[in-house]
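Asker: Questions regarding the structure given below will be posed in turn.
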Amino acid sequence: MATDASPQLRSVPPPSDFHPEISISQSPTHDGLHFWQFMIAGSIAGTLEHMAMFPLDTLKTRMQALGASCSVQPVSVRQALGSILKLEGPPGLYRGIAAMGLGAGPAHAVYFSVYELSKQVLSRGDPNNSMVHAASGVVATVTSDAVFTPMDMVKQRLQLKNSPYKGVAECVRMVVMEEGIGAFYASYRTTVIMNAPFTAVHFATYEAAKRELMEVSPDTANDERLVIHATAGAGAGALAAALTTPLDVVKTQLQCQGVCGCDKFSSSSIGNVIETIVKKDGYRGLMRGWIPRTLFHAPAAAICWSIYEASKSFFQQLNSR
């Protein structure tokens, strides 16, 4: 009887450290979530946060833009709100909200995903290190500001009283034609210098406050945990907003320069803008809009962190199935 000369194939068992689920799909990273899940959670949280608090952002922009071309008396939040409602009606509070929506979603997707990944890399087994939280926040804000700054500039120009632009598309087109692409990033350096300490204070305060509140009542239900996230976020947002208001005023002046009577600066030098503001309005000019800015960031941070943590919990439950 003829025999088969070909070698007989034998099945070789896979090595003991072989995991087919890892080879087929990317495994969850930090906190049991995939990278794209951090992006979705951050995008939802950031968009809802900014859209909900947009009227306060409009008041802040109006108050900070005042006095750009001449010295004027301080304007209160009530006066600014009354002027807008009287001359423009409620829609005046929402001019530029489309630009906010276009910028906030992508920027916050980058913001939170980079924050979580940075925290994972830098923590080295110590998840409660406040310096790591602050450093991760700075890395996140430098990255996300590159995404958000152009639309933030468009948003602020649309918010101005008697804005010459009818909408986002027209503003973008006119800025490109008259000032060039660089105009969208005229305030980027100021924004980063402002947001780096803002984010460092914000994240470090949030994580510390959240940890302390969790220790007070460790066996909290999901609803109570949302209250903790909101409380910690509100406190962190208010403190960070108040401390960085002067740089926010500089940012507004740079983004609105040459529009609706606002001064035109020869360079984006922070010192030059501060000198101009102090010369015309005194040091009080550097704190213009601090009340609506603080009122914006306290509830905005509460909304953002609550939605972000809730979205993370949803994805964690989804991944555990």
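Ordering of the structure tokens sets the chain letters (A, B, ...), residue numbers begin anew at 1 in every chain, and ligands are numbered from 1 in the order given.
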Go through segment 50-274 of chain A and collect every residue that DSSP, computed from the backbone, puts in helix (DSSP H, G or I); the answer should be as a PyMOL selection string.
Answerer: chain A and resi 50-52+54-65+77-87+90-94+97-123+130-159+168-178+181-185+188-216+222-243+245-255+270-274
Asker: Can you pull out every residue within 7 Å of segment 207-218 of chain A, counting only C-alpha atoms, but drop anything in the same chain fewer than 5 positions away, and send it as a list in words?
Answerer: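 Near neighbours after the sequence-gap exclusion: Ile228, His229 and Ala232 of chain A.
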Asker: Keeping only N, CA, C and O atoms, write the selected residues as a JSON list (two decimals), in the first residue's frame.
Answerer:
[["chain", "number", "residue", "atom", "x", "y", "z"],
["A", 228, "ILE", "N", -21.51, 65.05, 44.05],
["A", 228, "ILE", "CA", -20.11, 65.26, 44.43],
["A", 228, "ILE", "C", -19.31, 65.80, 43.26],
["A", 228, "ILE", "O", -18.54, 66.76, 43.40],
["A", 229, "HIS", "N", -19.48, 65.20, 42.09],
["A", 229, "HIS", "CA", -18.78, 65.69, 40.90],
["A", 229, "HIS", "C", -19.17, 67.13, 40.58],
["A", 229, "HIS", "O", -18.31, 67.95, 40.23],
["A", 232, "ALA", "N", -17.63, 69.54, 43.37],
["A", 232, "ALA", "CA", -16.18, 69.70, 43.18],
["A", 232, "ALA", "C", -15.88, 70.50, 41.91],
["A", 232, "ALA", "O", -15.00, 71.36, 41.90]]
Asker: Quick one: residues within 10 Å of Leu87 of chain A, only C-alpha atoms counted, chain neighbours fewer than 5 positions away excluded, as a VMD selection string?
Answerer: chain A and resid 82 92 161
Asker: Using only C-alpha atoms, which protein or nucleic acid residues come within 7 Å of Ala65 of chain A? Drop anything in the same chain fewer than 6 positions from it, and give the result as a list in words.
Answerer: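 Once the nearby chain positions are removed, what remains is Thr252, Gln253 and Cys262 of chain A.
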Asker: What does the distance from atom CA of Asp152 of chain A to atom CA of Leu254 of chain A come to in Å, to one decimal?
Answerer: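 Going from atom CA of Asp152 of chain A over to atom CA of Leu254 of chain A covers 11.6 Å.
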Asker: Counting only C-alpha atoms, which residue out of A:Leu160, A:Val154, A:Ala80, A:Phe148 sits closest to Gly261 of chain A?
Answerer: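 Using only C-alpha atoms, the shortest distance to Gly261 of chain A belongs to A:Leu160.
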Asker: Skipping near chain neighbours, those fewer than 3 positions away, what residues fall within 9 Å of Ala134 of chain A using only C-alpha atoms, listed as a list in words?
Answerer: Asn129, Ser130, Met131, Gly137, Val138, Val139, Ala196, Pro197, Thr199, Ala200, Val201, His202, Phe203, Ala204 and Thr205 of chain A
Asker: Could you write out the selected residues, including N, CA and C atoms, as a CSV table (one decimal), in the first residue's frame?
Answerer:
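Written out: again-v9.csv:
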chain,number,residue,atom,x,y,z
A,129,ASN,N,-2.2,61.9,42.9
A,129,ASN,CA,-1.2,62.9,42.9
A,129,ASN,C,-1.7,64.2,42.2
A,130,SER,N,-1.8,65.2,43.0
A,130,SER,CA,-2.4,66.5,42.5
A,130,SER,C,-1.5,67.1,41.4
A,131,MET,N,-0.2,66.9,41.5
A,131,MET,CA,0.8,67.5,40.6
A,131,MET,C,0.6,66.8,39.2
A,137,GLY,N,-3.6,68.3,33.0
A,137,GLY,CA,-4.5,69.3,32.6
A,137,GLY,C,-3.9,70.3,31.7
A,138,VAL,N,-2.6,70.7,32.0
A,138,VAL,CA,-1.9,71.6,31.1
A,138,VAL,C,-1.6,71.0,29.8
A,139,VAL,N,-1.2,69.8,29.7
A,139,VAL,CA,-1.0,69.1,28.4
A,139,VAL,C,-2.3,69.1,27.6
A,196,ALA,N,-3.3,77.4,30.8
A,196,ALA,CA,-2.4,76.5,31.5
A,196,ALA,C,-2.6,76.6,33.0
A,197,PRO,N,-2.5,77.8,33.6
A,197,PRO,CA,-2.8,77.9,35.1
A,197,PRO,C,-4.2,77.7,35.4
A,199,THR,N,-6.3,75.6,34.0
A,199,THR,CA,-6.5,74.1,34.0
A,199,THR,C,-5.8,73.5,35.1
A,200,ALA,N,-4.6,73.9,35.4
A,200,ALA,CA,-3.8,73.3,36.5
A,200,ALA,C,-4.6,73.5,37.8
A,201,VAL,N,-5.1,74.7,38.1
A,201,VAL,CA,-5.9,75.0,39.3
A,201,VAL,C,-7.2,74.2,39.3
A,202,HIS,N,-7.8,74.2,38.1
A,202,HIS,CA,-9.1,73.5,37.9
A,202,HIS,C,-9.0,72.0,38.2
A,203,PHE,N,-8.1,71.4,37.5
A,203,PHE,CA,-8.0,69.9,37.7
A,203,PHE,C,-7.5,69.5,39.0
A,204,ALA,N,-6.5,70.2,39.5
A,204,ALA,CA,-6.0,69.9,40.9
A,204,ALA,C,-7.0,70.1,41.9
A,205,THR,N,-7.8,71.2,41.9
A,205,THR,CA,-8.8,71.5,42.8
A,205,THR,C,-9.9,70.5,42.7
Asker: Segment 30-102 of chain A near segment 302-318 of chain A within 12 Å: what's each residue's closest atom pair and its distance in Å to one decimal, counting only C-alpha atoms, ordered by chain then ascending residue number, as JSON lines?
Answerer:
{"residue": "A:His30", "atom": "CA", "partner": "A:Gln316", "partner_atom": "CA", "distance": 10.8}
{"residue": "A:Asp31", "atom": "CA", "partner": "A:Gln316", "partner_atom": "CA", "distance": 7.9}
{"residue": "A:Gly32", "atom": "CA", "partner": "A:Gln316", "partner_atom": "CA", "distance": 6.3}
{"residue": "A:Leu33", "atom": "CA", "partner": "A:Gln316", "partner_atom": "CA", "distance": 6.3}
{"residue": "A:His34", "atom": "CA", "partner": "A:Phe315", "partner_atom": "CA", "distance": 8.9}
{"residue": "A:Phe35", "atom": "CA", "partner": "A:Phe315", "partner_atom": "CA", "distance": 11.2}
{"residue": "A:Trp36", "atom": "CA", "partner": "A:Phe315", "partner_atom": "CA", "distance": 10.5}
{"residue": "A:Gln37", "atom": "CA", "partner": "A:Phe315", "partner_atom": "CA", "distance": 6.9}
{"residue": "A:Phe38", "atom": "CA", "partner": "A:Lys312", "partner_atom": "CA", "distance": 7.3}
{"residue": "A:Met39", "atom": "CA", "partner": "A:Tyr308", "partner_atom": "CA", "distance": 10.0}
{"residue": "A:Ile40", "atom": "CA", "partner": "A:Ser311", "partner_atom": "CA", "distance": 8.3}
{"residue": "A:Ala41", "atom": "CA", "partner": "A:Ser311", "partner_atom": "CA", "distance": 5.3}
{"residue": "A:Gly42", "atom": "CA", "partner": "A:Tyr308", "partner_atom": "CA", "distance": 5.9}
{"residue": "A:Ser43", "atom": "CA", "partner": "A:Tyr308", "partner_atom": "CA", "distance": 8.7}
{"residue": "A:Ile44", "atom": "CA", "partner": "A:Tyr308", "partner_atom": "CA", "distance": 7.5}
{"residue": "A:Ala45", "atom": "CA", "partner": "A:Cys304", "partner_atom": "CA", "distance": 4.7}
{"residue": "A:Gly46", "atom": "CA", "partner": "A:Cys304", "partner_atom": "CA", "distance": 5.9}
{"residue": "A:Thr47", "atom": "CA", "partner": "A:Cys304", "partner_atom": "CA", "distance": 8.6}
{"residue": "A:Leu48", "atom": "CA", "partner": "A:Cys304", "partner_atom": "CA", "distance": 7.3}
{"residue": "A:Glu49", "atom": "CA", "partner": "A:Cys304", "partner_atom": "CA", "distance": 5.3}
{"residue": "A:His50", "atom": "CA", "partner": "A:Cys304", "partner_atom": "CA", "distance": 8.7}
{"residue": "A:Met51", "atom": "CA", "partner": "A:Ile303", "partner_atom": "CA", "distance": 10.8}
{"residue": "A:Ala52", "atom": "CA", "partner": "A:Ile303", "partner_atom": "CA", "distance": 8.8}
{"residue": "A:Met53", "atom": "CA", "partner": "A:Ile303", "partner_atom": "CA", "distance": 9.6}
Asker: What's the separation between atom CA of His133 of chain A and atom CA of Val227 of chain A, in Å to one decimal place?
Answerer: 20.9 Å
Asker: Which distance in Å separates atom CA of Ala146 of chain A and atom CA of His108 of chain A, to one decimal?
Answerer: 11.4 Å
